[in-house]
Each structure stands twice: as structure tokens, then as C-alpha cells.
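**Q** Sharing a structure below in C-alpha cells format, with a few things to ask.
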Amino acid sequence: MSTSSLPVSETARVIRFPHSKDYLRRISVDDSEGLYDVYRLEPRVLDWPASEIPDDVNPRSHDEECLKSKVARDIEQTLRESPEDFWLANRGGFVLVEKVRFDPEKSVVTLIITDTDIHGMADGATTNAVISKLQKELHQKDDPGLRKALELARVNLDVVVGITDRERIAKLVQGRNRSRAVKEWTLADFKGEFDWIKKVIDRDHGPFKDRIGWEENSGNPVSVLDLISMMLLFHPIYDDPSDRRRMAPTAAYSSKGINDRRLTDPKMAPGFRQLEPVLEDIIRLHDHVYSAFEPTYERYNKEVNKTGAKLARRKGVENKRFSLPLTGNQTEYKVDKGLLFPLLASLRALLNFENGKASWRVDPVGFFDDYGPDLMGTLIDQYELCNKNPQTTGKKKANYTALHNQARLKLGEKLSQPY
């Protein structure tokens, strides 16, 4: 099988590798742009000459730095641990060449590359780099286990011949390289890691049923990562005096994108499970504090700080009326989480953790209605110390600690009052 009988240029790059005829297909396409062939190849990873394929045509960098990425580590893990599934788990590569030849008697494929500006690995170069790394490792040290894995694994390759228009190639390469990996939290949902939360939230006739998005592209305005961030604010580990590094839940604000990992972290998972009895309360409390933020601030201005600025003048607050998606609570202001989260996290002081289950020492909504202006005063003091920057406010541990201490103080006052 060959696309052409024309002689090969002396400067061409000739790449040969073993390939069974049972794993080779060709499709000829004749469209408005011209005639070209697409070869579907599935060589063994052991046989694919990864280091010989140029990737100049690929817009991304695929030097040794790319091997440090999580994507590269995941590819390597699949090759080592599940090589028979590699051709299913990995989309492989998209290669542009001048010619393809197949010798059925020797079972050898030959790729001809004449111009590296338009030929080479247009997509899948990270996969190619990982394969090259493992092949070099095998060459340096003949590991029987690694050899067996590379013999079992096959790599998918779409090899295209006949496209020479540089503008068209640029569009194809750009389009192929816009694809994104599946979000980790979508995979976590697939593996059932959110099932215990789903059982609470999506139970029949539950107030928040079908309102949380469990995977990307769900269409829900609130994702499971948002929910985990709320839960993180109340996690008992932040009250553990033996772990001083975790004394403030700043990760709820600054690291939402990876909070699904915390949910299954061996140190964090038990604490999340303790929150199950108050999970829906946390959602309600979040929305109550949000919708009450403006009237609580006005009470603070009236009762405590009579010369304070109007809320709308504060950075991180926008005068915008809308309904909160989970409870439907109405709010007149959009509030940055950098201001909201330290305030909400202070109410962790109201939780009691006994027998592996969380419970409220007092009604949290009533407590906030009573002591909200005092907590707001502490928040504004910390906000001022952060140069009125809501992002800094949400990331600084001292702000969470100051508010939590204030909530504990007010809780002590409340509990000491005679009935």
C-alpha cells in the first residue's frame, strides 16, 4: 500500500516500524479542498519510533517540561498499569506526512516526511513524549515488566497524506489542540466519589434535588465543587490544634478547582462525612448570610461604625439584584466570596462534633441574625487591613481566625445568658 511511487528526496526523513496488516486501514477522501488519504495505524507502543517523529507543526511545547504535567503522569500510569486499555483510554496522535508505504511481506510501515513545517506530530505530542521516555528507560535498563507493558499497549495514529496547504494545516492543528481533558471532578463523579453527597442532595422531594451539577457541562449554576467549598468552611480539621497548618479554610476560596481531591483525601474524608447531618443546613446558611449581607452591613454601620462607607462603595460588592440559585433567596448585592467566605466560616464555631456526626450548638440562622453586625465589624476591620482588597481578604488565614474567634466569643455570651 503506497500513496505514491515518486522517488524520495535525499533530505526526506524516512521512518520505518513493524506493523501488522490486521491493524492498518486507509480511507481516501476527495472533497472541495482536494484528494488525500487517511491511514488508521495501531502499532505496538514498543514498535512506534516516538523519538523520530518531529513535532514542530504542533503549537504546544513538548520538551522535557511537559513530562512533569499531570496529563503526562496519567498517560504514563496507564501505559505501565493498564497497557491493554491504552488504545481505548488515549486518543493517540494526528500525524501529517508526505507519503505512507506498507510492505505486506515484511509487515513494515514507512512514513516519509519532507517538510517539518507541515509534517510531523500535529496532535498527541505529549503522548509521544511519554512513549519516548519509557522506550529510553527500557533501552537503558531492560525491565521485563515494562517491556511486557509496551508490547501489550497499542497507540492510535491517524496519519494524513496529501494536505499541503499551510493555512489549512494551521487551522487543523489549532482545532485539534483546543481539545481539553475531562475534568477530574467529572471522573470523580463517574467513580462514585460523590455518591454519599448525592444521596442527601438528590433524594426524593429534597429541597435541593437536581440543583447541583455533578459533572462539567451539567448546565447547573452551582457545581459539586461549589458545594465542597461550602463544606470545607465547616470542616472540623480547622479546629484541630495538632495541625496548625490547617487552622483556616482559605482553600475554599483559593483552590475550588481541586477541592474534589480533598473530599477523598484520607485525612480530610472523615471530616467531610461528619458534616452529612448538617449538609443542607450549610447550604441554607450560605444563602442566608449572602442575602442578609447588605442589611447586616447597614446594621453594623448604624449600630457600630456610624461613619462607615455605604456598602455599594466597597470593592468586591456590586449593586445587582438576583436570586440565589439553590434557595431562591433574593439579594440586592453581588458579594465577592473573598468577603462572604470568612464571614460564613466563622459560624463553624457553632458546630459540635460528637460520635462522628456534626450538630448545631445553637440555631445558626438565629445566631447570625443576632450577632451578624459584630461579625461584620470584624470582617470590615480585616478587609481594611487588606487594603480593601476582597481577594486578599479571602486568602489570608488571619482573617478567618479573627472572625472565628469573634464567633466563639459571641457564642460564649449567648450560652451564658439565662433562659
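Ordering of the C-alpha cells sets the chain letters (A, B, ...), residue numbers begin anew at 1 in every chain, and ligands are numbered from 1 in the order given.
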Contacts of Glu98 in chain A at 9 Å or less, counting only C-alpha atoms, minus same-chain residues fewer than 6 places along, as a PyMOL selection string?

**A** chain A and resi 3+111-115+119+160-164

**Q** Go ahead and write the residues just picked, N, CA and C atoms, as a PDB file, in the first residue's frame.

**A**
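Once written, selection19.pdb looks like this:
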ATOM      1  N   THR A   3       1.020   5.666  -1.249  1.00  0.00           N
ATOM      2  CA  THR A   3       0.312   6.796  -1.837  1.00  0.00           C
ATOM      3  C   THR A   3       0.973   7.279  -3.109  1.00  0.00           C
ATOM      4  N   LEU A 111       6.984   5.883   6.821  1.00  0.00           N
ATOM      5  CA  LEU A 111       6.455   7.254   6.735  1.00  0.00           C
ATOM      6  C   LEU A 111       7.536   8.140   6.149  1.00  0.00           C
ATOM      7  N   ILE A 112       7.161   8.983   5.193  1.00  0.00           N
ATOM      8  CA  ILE A 112       8.097   9.914   4.565  1.00  0.00           C
ATOM      9  C   ILE A 112       7.717  11.335   4.980  1.00  0.00           C
ATOM     10  N   ILE A 113       8.664  12.040   5.583  1.00  0.00           N
ATOM     11  CA  ILE A 113       8.466  13.424   6.000  1.00  0.00           C
ATOM     12  C   ILE A 113       9.488  14.286   5.273  1.00  0.00           C
ATOM     13  N   THR A 114       8.988  15.262   4.530  1.00  0.00           N
ATOM     14  CA  THR A 114       9.883  16.090   3.715  1.00  0.00           C
ATOM     15  C   THR A 114       9.983  17.540   4.191  1.00  0.00           C
ATOM     16  N   ASP A 115       8.999  18.014   4.935  1.00  0.00           N
ATOM     17  CA  ASP A 115       8.974  19.417   5.366  1.00  0.00           C
ATOM     18  C   ASP A 115       8.403  19.472   6.780  1.00  0.00           C
ATOM     19  N   HIS A 119       4.760  18.841   8.219  1.00  0.00           N
ATOM     20  CA  HIS A 119       4.711  17.409   8.510  1.00  0.00           C
ATOM     21  C   HIS A 119       5.148  17.150   9.959  1.00  0.00           C
ATOM     22  N   VAL A 160      -2.160  11.381   7.924  1.00  0.00           N
ATOM     23  CA  VAL A 160      -2.821  12.020   6.780  1.00  0.00           C
ATOM     24  C   VAL A 160      -1.783  12.380   5.720  1.00  0.00           C
ATOM     25  N   VAL A 161      -2.103  12.013   4.483  1.00  0.00           N
ATOM     26  CA  VAL A 161      -1.247  12.298   3.334  1.00  0.00           C
ATOM     27  C   VAL A 161      -2.021  13.147   2.332  1.00  0.00           C
ATOM     28  N   GLY A 162      -1.378  14.171   1.796  1.00  0.00           N
ATOM     29  CA  GLY A 162      -1.993  14.927   0.714  1.00  0.00           C
ATOM     30  C   GLY A 162      -2.420  16.333   1.078  1.00  0.00           C
ATOM     31  N   ILE A 163      -2.351  16.708   2.326  1.00  0.00           N
ATOM     32  CA  ILE A 163      -2.685  18.078   2.723  1.00  0.00           C
ATOM     33  C   ILE A 163      -1.398  18.887   2.725  1.00  0.00           C
ATOM     34  N   THR A 164      -1.324  19.854   1.870  1.00  0.00           N
ATOM     35  CA  THR A 164      -0.100  20.647   1.733  1.00  0.00           C
ATOM     36  C   THR A 164      -0.320  22.139   1.953  1.00  0.00           C
TER      37      THR A 164
END

**Q** Tell me, as a PyMOL selection string, which residues lie within 12 Å of Glu384 in chain A, counting only C-alpha atoms; anything in the same chain fewer than 6 positions away does not count.

**A** chain A and resi 308-309+314-315+339+377-378+390+392-393+399

**Q** Please produce a file of the residues just selected, as a JSON list (two decimals), in the first residue's frame, where the atoms kept are C-alpha atoms.

**A**
[["chain", "number", "residue", "atom", "x", "y", "z"],
["A", 308, "GLY", "CA", -18.69, 53.84, 57.64],
["A", 309, "ALA", "CA", -18.94, 53.87, 53.86],
["A", 314, "ARG", "CA", -16.90, 48.83, 48.89],
["A", 315, "LYS", "CA", -14.65, 46.97, 46.47],
["A", 339, "LEU", "CA", -15.80, 38.76, 51.76],
["A", 377, "GLY", "CA", -17.37, 44.63, 62.08],
["A", 378, "THR", "CA", -14.53, 42.13, 62.41],
["A", 390, "PRO", "CA", -11.55, 41.21, 48.59],
["A", 392, "THR", "CA", -6.58, 39.21, 49.68],
["A", 393, "THR", "CA", -9.28, 39.09, 52.33],
["A", 399, "ASN", "CA", -8.98, 36.99, 58.64]]

**Q** Excluding range 156-159 of chain A and residues on its chain fewer than 6 positions from it, collect all residues at most 8 Å away from it, counting only C-alpha atoms, and give them as a list in words.

**A** Val38, Tyr39, Arg40, Leu41, Glu42, Pro43, Trp87, Asn90, Arg91, Gly92, Gly93, Phe94, Val95, Leu96 and Val97 of chain A

**Q** Write the residues you've just listed into a file as a short mmCIF file (atom, residue, chain, number, x, y, z; two decimals), in the first residue's frame, and include N, CA and C atoms for each of them.

**A**
data_model
loop_
_atom_site.label_atom_id
_atom_site.label_comp_id
_atom_site.auth_asym_id
_atom_site.auth_seq_id
_atom_site.Cartn_x
_atom_site.Cartn_y
_atom_site.Cartn_z
N VAL A 38 -6.25 9.07 4.54
CA VAL A 38 -6.13 8.99 5.99
C VAL A 38 -5.85 7.53 6.34
N TYR A 39 -4.73 7.28 6.99
CA TYR A 39 -4.36 5.94 7.43
C TYR A 39 -4.63 5.82 8.93
N ARG A 40 -5.35 4.78 9.30
CA ARG A 40 -5.51 4.47 10.72
C ARG A 40 -4.52 3.36 11.05
N LEU A 41 -3.52 3.70 11.87
CA LEU A 41 -2.50 2.76 12.29
C LEU A 41 -2.62 2.49 13.79
N GLU A 42 -2.27 1.28 14.19
CA GLU A 42 -2.29 0.92 15.60
C GLU A 42 -1.06 0.07 15.94
N PRO A 43 0.13 0.66 15.83
CA PRO A 43 1.33 -0.11 16.14
C PRO A 43 1.46 -0.38 17.64
N TRP A 87 -5.10 1.85 24.14
CA TRP A 87 -5.68 2.30 22.87
C TRP A 87 -7.10 2.82 23.05
N ASN A 90 -6.50 6.44 25.47
CA ASN A 90 -5.72 7.53 24.90
C ASN A 90 -6.12 7.75 23.45
N ARG A 91 -6.34 9.01 23.08
CA ARG A 91 -6.79 9.26 21.70
C ARG A 91 -5.67 9.17 20.68
N GLY A 92 -4.41 9.07 21.15
CA GLY A 92 -3.31 8.83 20.23
C GLY A 92 -2.78 10.08 19.57
N GLY A 93 -2.41 9.95 18.31
CA GLY A 93 -1.77 11.05 17.61
C GLY A 93 -2.35 11.33 16.24
N PHE A 94 -2.11 12.56 15.77
CA PHE A 94 -2.53 13.02 14.45
C PHE A 94 -1.25 13.44 13.73
N VAL A 95 -0.88 12.68 12.69
CA VAL A 95 0.41 12.86 12.03
C VAL A 95 0.20 13.24 10.57
N LEU A 96 0.93 14.26 10.13
CA LEU A 96 0.90 14.70 8.74
C LEU A 96 2.21 14.29 8.07
N VAL A 97 2.11 13.62 6.93
CA VAL A 97 3.32 13.14 6.24
C VAL A 97 3.19 13.35 4.73
#

**Q** CA of Ala153 in chain A and CA of Glu84 in chain A, how far apart in Å?

**A**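 Value for the CA of Glu84 in chain A-CA of Ala153 in chain A distance: 5.2 Å.
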
**Q** Considering only C-alpha atoms, return as a JSON list (two decimals) with N, CA and C atoms, in the first residue's frame whatever protein or nucleic-acid residues lie within 12 Å of Gln382 in chain A, sequence-local ones (same chain, fewer than 2 positions apart) excluded.

**A**
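Printed below is around_23.json as written:
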[["chain", "number", "residue", "atom", "x", "y", "z"],
["A", 338, "GLY", "N", -14.53, 36.42, 48.57],
["A", 338, "GLY", "CA", -13.46, 36.82, 49.46],
["A", 338, "GLY", "C", -13.97, 37.53, 50.70],
["A", 339, "LEU", "N", -15.15, 38.14, 50.61],
["A", 339, "LEU", "CA", -15.80, 38.76, 51.76],
["A", 339, "LEU", "C", -16.77, 37.78, 52.42],
["A", 342, "PRO", "N", -15.00, 34.21, 54.64],
["A", 342, "PRO", "CA", -14.52, 34.34, 56.03],
["A", 342, "PRO", "C", -15.67, 34.56, 57.01],
["A", 343, "LEU", "N", -16.68, 35.29, 56.57],
["A", 343, "LEU", "CA", -17.85, 35.55, 57.42],
["A", 343, "LEU", "C", -18.62, 34.26, 57.67],
["A", 375, "LEU", "N", -19.91, 40.37, 63.84],
["A", 375, "LEU", "CA", -19.05, 39.63, 62.92],
["A", 375, "LEU", "C", -18.71, 40.49, 61.71],
["A", 376, "MET", "N", -19.67, 41.26, 61.25],
["A", 376, "MET", "CA", -19.42, 42.15, 60.11],
["A", 376, "MET", "C", -18.36, 43.17, 60.46],
["A", 377, "GLY", "N", -18.38, 43.67, 61.67],
["A", 377, "GLY", "CA", -17.37, 44.63, 62.08],
["A", 377, "GLY", "C", -15.97, 44.04, 62.02],
["A", 378, "THR", "N", -15.83, 42.80, 62.47],
["A", 378, "THR", "CA", -14.53, 42.13, 62.41],
["A", 378, "THR", "C", -14.10, 41.93, 60.96],
["A", 379, "LEU", "N", -15.06, 41.54, 60.12],
["A", 379, "LEU", "CA", -14.75, 41.35, 58.70],
["A", 379, "LEU", "C", -14.26, 42.65, 58.06],
["A", 380, "ILE", "N", -14.95, 43.76, 58.32],
["A", 380, "ILE", "CA", -14.57, 45.03, 57.71],
["A", 380, "ILE", "C", -13.21, 45.49, 58.23],
["A", 384, "GLU", "N", -10.14, 46.14, 55.75],
["A", 384, "GLU", "CA", -9.38, 47.39, 55.72],
["A", 384, "GLU", "C", -7.89, 47.11, 55.83],
["A", 385, "LEU", "N", -7.52, 46.13, 56.68],
["A", 385, "LEU", "CA", -6.11, 45.77, 56.83],
["A", 385, "LEU", "C", -5.54, 45.16, 55.55],
["A", 386, "CYS", "N", -6.42, 44.62, 54.72],
["A", 386, "CYS", "CA", -6.01, 44.03, 53.43],
["A", 386, "CYS", "C", -6.13, 45.04, 52.30],
["A", 387, "ASN", "N", -6.05, 46.34, 52.64],
["A", 387, "ASN", "CA", -6.13, 47.41, 51.64],
["A", 387, "ASN", "C", -7.42, 47.35, 50.83],
["A", 388, "LYS", "N", -8.49, 46.89, 51.50],
["A", 388, "LYS", "CA", -9.82, 46.83, 50.89],
["A", 388, "LYS", "C", -9.84, 45.95, 49.64],
["A", 389, "ASN", "N", -9.01, 44.93, 49.66],
["A", 389, "ASN", "CA", -8.93, 44.01, 48.52],
["A", 389, "ASN", "C", -9.66, 42.72, 48.88],
["A", 390, "PRO", "N", -10.79, 42.40, 48.24],
["A", 390, "PRO", "CA", -11.55, 41.21, 48.59],
["A", 390, "PRO", "C", -10.80, 39.91, 48.33],
["A", 392, "THR", "N", -7.51, 39.39, 48.58],
["A", 392, "THR", "CA", -6.58, 39.21, 49.68],
["A", 392, "THR", "C", -7.32, 38.81, 50.95],
["A", 393, "THR", "N", -8.47, 39.41, 51.16],
["A", 393, "THR", "CA", -9.28, 39.09, 52.33],
["A", 393, "THR", "C", -9.66, 37.62, 52.36],
["A", 394, "GLY", "N", -10.02, 37.08, 51.19],
["A", 394, "GLY", "CA", -10.44, 35.68, 51.11],
["A", 394, "GLY", "C", -9.31, 34.69, 51.21],
["A", 395, "LYS", "N", -8.07, 35.15, 51.04],
["A", 395, "LYS", "CA", -6.92, 34.24, 51.02],
["A", 395, "LYS", "C", -6.10, 34.27, 52.32],
["A", 396, "LYS", "N", -6.35, 35.26, 53.18],
["A", 396, "LYS", "CA", -5.50, 35.46, 54.35],
["A", 396, "LYS", "C", -6.03, 34.70, 55.56],
["A", 397, "LYS", "N", -5.20, 33.84, 56.12],
["A", 397, "LYS", "CA", -5.62, 33.00, 57.25],
["A", 397, "LYS", "C", -6.04, 33.82, 58.46],
["A", 398, "ALA", "N", -5.33, 34.92, 58.71],
["A", 398, "ALA", "CA", -5.62, 35.73, 59.89],
["A", 398, "ALA", "C", -7.05, 36.24, 59.89],
["A", 399, "ASN", "N", -7.61, 36.49, 58.73],
["A", 399, "ASN", "CA", -8.98, 36.99, 58.64],
["A", 399, "ASN", "C", -9.98, 35.94, 59.12],
["A", 400, "TYR", "N", -9.77, 34.71, 58.69],
["A", 400, "TYR", "CA", -10.65, 33.62, 59.11],
["A", 400, "TYR", "C", -10.52, 33.39, 60.62],
["A", 401, "THR", "N", -9.29, 33.44, 61.11],
["A", 401, "THR", "CA", -9.07, 33.21, 62.54],
["A", 401, "THR", "C", -9.73, 34.29, 63.39],
["A", 402, "ALA", "N", -9.59, 35.55, 62.97],
["A", 402, "ALA", "CA", -10.19, 36.65, 63.73],
["A", 402, "ALA", "C", -11.71, 36.52, 63.79],
["A", 403, "LEU", "N", -12.32, 36.17, 62.68],
["A", 403, "LEU", "CA", -13.78, 36.03, 62.64],
["A", 403, "LEU", "C", -14.25, 34.81, 63.44]]

**Q** Just to confirm, what's the straight-line distance from CA of Phe293 in chain A to CA of Arg313 in chain A in Å (one decimal)?

**A**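 Computing it gives 14.3 Å between the two atoms.
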
**Q** May I ask which of the residues A:Lys99, A:Ala188, A:Asn58, A:Val14 is the closest one to Ile118 in chain A, counting only C-alpha atoms?

**A**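 Looking at the shortest contact to Ile118 in chain A, the residue is A:Asn58.
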
**Q** Within range 217-260 of chain A, find each residue whose DSSP state, derived from the backbone, is helix (DSSP H, G or I), and express the selection as a VMD selection string.

**A** chain A and resid 224 to 232 236 to 239 244 to 246 251 to 254 256 to 260

**Q** Could you take the residues named above and write them with N, CA and C atoms, as a PDB file, in the first residue's frame?

**A**
ATOM      1  N   VAL A 224     -20.709  20.713  42.103  1.00  0.00           N
ATOM      2  CA  VAL A 224     -20.301  19.998  43.307  1.00  0.00           C
ATOM      3  C   VAL A 224     -19.048  20.625  43.911  1.00  0.00           C
ATOM      4  N   LEU A 225     -18.212  21.263  43.091  1.00  0.00           N
ATOM      5  CA  LEU A 225     -17.036  21.942  43.634  1.00  0.00           C
ATOM      6  C   LEU A 225     -17.442  23.131  44.492  1.00  0.00           C
ATOM      7  N   ASP A 226     -18.506  23.836  44.087  1.00  0.00           N
ATOM      8  CA  ASP A 226     -19.026  24.925  44.915  1.00  0.00           C
ATOM      9  C   ASP A 226     -19.534  24.387  46.249  1.00  0.00           C
ATOM     10  N   LEU A 227     -20.229  23.258  46.186  1.00  0.00           N
ATOM     11  CA  LEU A 227     -20.774  22.652  47.398  1.00  0.00           C
ATOM     12  C   LEU A 227     -19.653  22.199  48.337  1.00  0.00           C
ATOM     13  N   ILE A 228     -18.618  21.570  47.781  1.00  0.00           N
ATOM     14  CA  ILE A 228     -17.498  21.114  48.603  1.00  0.00           C
ATOM     15  C   ILE A 228     -16.789  22.304  49.238  1.00  0.00           C
ATOM     16  N   SER A 229     -16.704  23.425  48.503  1.00  0.00           N
ATOM     17  CA  SER A 229     -16.087  24.631  49.063  1.00  0.00           C
ATOM     18  C   SER A 229     -16.870  25.124  50.276  1.00  0.00           C
ATOM     19  N   MET A 230     -18.194  25.104  50.191  1.00  0.00           N
ATOM     20  CA  MET A 230     -19.015  25.485  51.354  1.00  0.00           C
ATOM     21  C   MET A 230     -18.740  24.549  52.523  1.00  0.00           C
ATOM     22  N   MET A 231     -18.704  23.249  52.237  1.00  0.00           N
ATOM     23  CA  MET A 231     -18.460  22.262  53.293  1.00  0.00           C
ATOM     24  C   MET A 231     -17.091  22.451  53.927  1.00  0.00           C
ATOM     25  N   LEU A 232     -16.117  22.811  53.098  1.00  0.00           N
ATOM     26  CA  LEU A 232     -14.755  22.975  53.596  1.00  0.00           C
ATOM     27  C   LEU A 232     -14.683  24.057  54.673  1.00  0.00           C
ATOM     28  N   PRO A 236     -14.073  20.026  60.356  1.00  0.00           N
ATOM     29  CA  PRO A 236     -13.518  20.009  61.715  1.00  0.00           C
ATOM     30  C   PRO A 236     -12.005  20.036  61.788  1.00  0.00           C
ATOM     31  N   ILE A 237     -11.317  19.732  60.708  1.00  0.00           N
ATOM     32  CA  ILE A 237      -9.852  19.718  60.755  1.00  0.00           C
ATOM     33  C   ILE A 237      -9.288  21.090  61.083  1.00  0.00           C
ATOM     34  N   TYR A 238     -10.053  22.148  60.763  1.00  0.00           N
ATOM     35  CA  TYR A 238      -9.570  23.502  61.019  1.00  0.00           C
ATOM     36  C   TYR A 238      -9.687  23.898  62.488  1.00  0.00           C
ATOM     37  N   ASP A 239     -10.266  23.029  63.294  1.00  0.00           N
ATOM     38  CA  ASP A 239     -10.296  23.235  64.738  1.00  0.00           C
ATOM     39  C   ASP A 239      -9.356  22.282  65.465  1.00  0.00           C
ATOM     40  N   ARG A 244      -1.480  22.741  62.914  1.00  0.00           N
ATOM     41  CA  ARG A 244      -1.519  24.199  62.823  1.00  0.00           C
ATOM     42  C   ARG A 244      -1.574  24.688  61.383  1.00  0.00           C
ATOM     43  N   ARG A 245      -1.167  23.873  60.439  1.00  0.00           N
ATOM     44  CA  ARG A 245      -1.180  24.300  59.039  1.00  0.00           C
ATOM     45  C   ARG A 245      -2.592  24.419  58.500  1.00  0.00           C
ATOM     46  N   ARG A 246      -3.538  23.801  59.174  1.00  0.00           N
ATOM     47  CA  ARG A 246      -4.895  23.746  58.622  1.00  0.00           C
ATOM     48  C   ARG A 246      -5.881  24.587  59.439  1.00  0.00           C
ATOM     49  N   ALA A 251      -8.454  27.463  51.491  1.00  0.00           N
ATOM     50  CA  ALA A 251      -8.534  26.678  50.252  1.00  0.00           C
ATOM     51  C   ALA A 251      -9.932  26.701  49.657  1.00  0.00           C
ATOM     52  N   ALA A 252     -10.952  26.934  50.480  1.00  0.00           N
ATOM     53  CA  ALA A 252     -12.321  27.014  49.961  1.00  0.00           C
ATOM     54  C   ALA A 252     -12.444  28.152  48.961  1.00  0.00           C
ATOM     55  N   TYR A 253     -11.693  29.225  49.208  1.00  0.00           N
ATOM     56  CA  TYR A 253     -11.737  30.391  48.312  1.00  0.00           C
ATOM     57  C   TYR A 253     -10.715  30.283  47.189  1.00  0.00           C
ATOM     58  N   SER A 254      -9.498  29.863  47.528  1.00  0.00           N
ATOM     59  CA  SER A 254      -8.404  29.956  46.561  1.00  0.00           C
ATOM     60  C   SER A 254      -8.183  28.712  45.720  1.00  0.00           C
ATOM     61  N   LYS A 256     -10.780  26.169  44.687  1.00  0.00           N
ATOM     62  CA  LYS A 256     -12.029  25.451  44.430  1.00  0.00           C
ATOM     63  C   LYS A 256     -11.859  24.341  43.408  1.00  0.00           C
ATOM     64  N   GLY A 257     -11.037  24.582  42.401  1.00  0.00           N
ATOM     65  CA  GLY A 257     -10.917  23.635  41.296  1.00  0.00           C
ATOM     66  C   GLY A 257     -10.390  22.272  41.661  1.00  0.00           C
ATOM     67  N   ILE A 258      -9.732  22.154  42.826  1.00  0.00           N
ATOM     68  CA  ILE A 258      -9.190  20.850  43.225  1.00  0.00           C
ATOM     69  C   ILE A 258      -9.802  20.361  44.532  1.00  0.00           C
ATOM     70  N   ASN A 259     -10.907  20.964  44.948  1.00  0.00           N
ATOM     71  CA  ASN A 259     -11.493  20.559  46.223  1.00  0.00           C
ATOM     72  C   ASN A 259     -12.084  19.156  46.197  1.00  0.00           C
ATOM     73  N   ASP A 260     -12.352  18.600  44.993  1.00  0.00           N
ATOM     74  CA  ASP A 260     -12.819  17.219  44.922  1.00  0.00           C
ATOM     75  C   ASP A 260     -11.749  16.257  45.445  1.00  0.00           C
TER      76      ASP A 260
END

**Q** Between CA of Arg284 in chain A and CA of Thr327 in chain A, what is the distance in Å, rounded to a tenth?

**A**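 Distance between the two atoms: 6.8 Å.
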
**Q** Which one of A:Leu79, A:Val109, A:Ala12, A:Ala125 sits closest to Asp55 in chain A if you count only C-alpha atoms?

**A**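 For Asp55 in chain A, the nearest of the given residues is A:Ala125.
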
**Q** So that each row is one residue of range 317-345 of chain A with an atom at most 12 Å from range 199-211 of chain A, can you give its shortest atom pair and the distance in Å to one decimal, using only C-alpha atoms, rows by chain and rising number, as CSV?

**A**
residue,atom,partner,partner_atom,distance
A:Leu324,CA,A:Arg211,CA,11.4
A:Pro325,CA,A:Arg211,CA,7.8
A:Leu326,CA,A:Phe208,CA,6.4
A:Thr327,CA,A:Phe208,CA,7.8
A:Gly328,CA,A:Phe208,CA,10.6

**Q** Write to file, as a short mmCIF file (atom, residue, chain, number, x, y, z; two decimals), in the first residue's frame, the residues of the selection just made, with N, CA and C atoms.

**A**
data_model
loop_
_atom_site.label_atom_id
_atom_site.label_comp_id
_atom_site.auth_asym_id
_atom_site.auth_seq_id
_atom_site.Cartn_x
_atom_site.Cartn_y
_atom_site.Cartn_z
N LEU A 324 -30.59 33.75 44.48
CA LEU A 324 -29.58 32.72 44.68
C LEU A 324 -30.14 31.39 44.18
N PRO A 325 -29.37 30.65 43.39
CA PRO A 325 -29.91 29.50 42.64
C PRO A 325 -30.37 28.31 43.48
N LEU A 326 -29.85 28.13 44.68
CA LEU A 326 -30.21 26.95 45.45
C LEU A 326 -31.46 27.16 46.30
N THR A 327 -31.55 28.28 46.98
CA THR A 327 -32.70 28.52 47.86
C THR A 327 -33.72 29.47 47.24
N GLY A 328 -33.29 30.25 46.24
CA GLY A 328 -34.17 31.26 45.69
C GLY A 328 -34.19 32.54 46.49
#

**Q** Using only C-alpha atoms for the distances, tell me which of A:Leu340, A:Val45, A:Ile169, A:Leu311 is nearest to Glu298 in chain A.

**A** A:Leu311

**Q** Taking only range 170-354 of chain A into account, list the residues labelled strand (DSSP E) by DSSP (computed from the backbone), as a PyMOL selection string.

**A** chain A and resi 212-213+222-223+317-323+330-335+351-354

**Q** Excluding same-chain residues fewer than 3 positions from Glu303 in chain A, what lies within 12 Å of it counting only C-alpha atoms, as an MDAnalysis selection string?

**A** chainID A and resid 295:300 306:308 371:374 376:377

**Q** Measuring atom to atom with only C-alpha atoms, identify which of A:Leu46, A:Val365, A:Val222, A:Met247 is nearest to Val289 in chain A.

**A**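 The closest residue to Val289 in chain A is A:Val365.
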
**Q** For Ser28 in chain A, work out the shell of residues within 8 Å, counting only C-alpha atoms and skipping chain neighbours fewer than 5 positions away, then give it as number ranges by chain.

**A** A: 35-38

**Q** Which residues are near Phe234 in chain A? Cut-off 10 Å, only C-alpha atoms, ignore same chain within fewer than 6 positions. Put them as a list in words.

**A** Pro249, Gly271, Phe272, Leu275, Val278, Leu279, Ile282, Leu344, Ala345, Ser346, Leu347, Arg348, Ala349, Leu350, Leu351 and Ala358 of chain A

**Q** Of the candidates A:Arg26, A:Lys133, A:Lys141, A:His286, which one gets nearest to Lys68 in chain A if we count only C-alpha atoms?

**A** A:Lys133
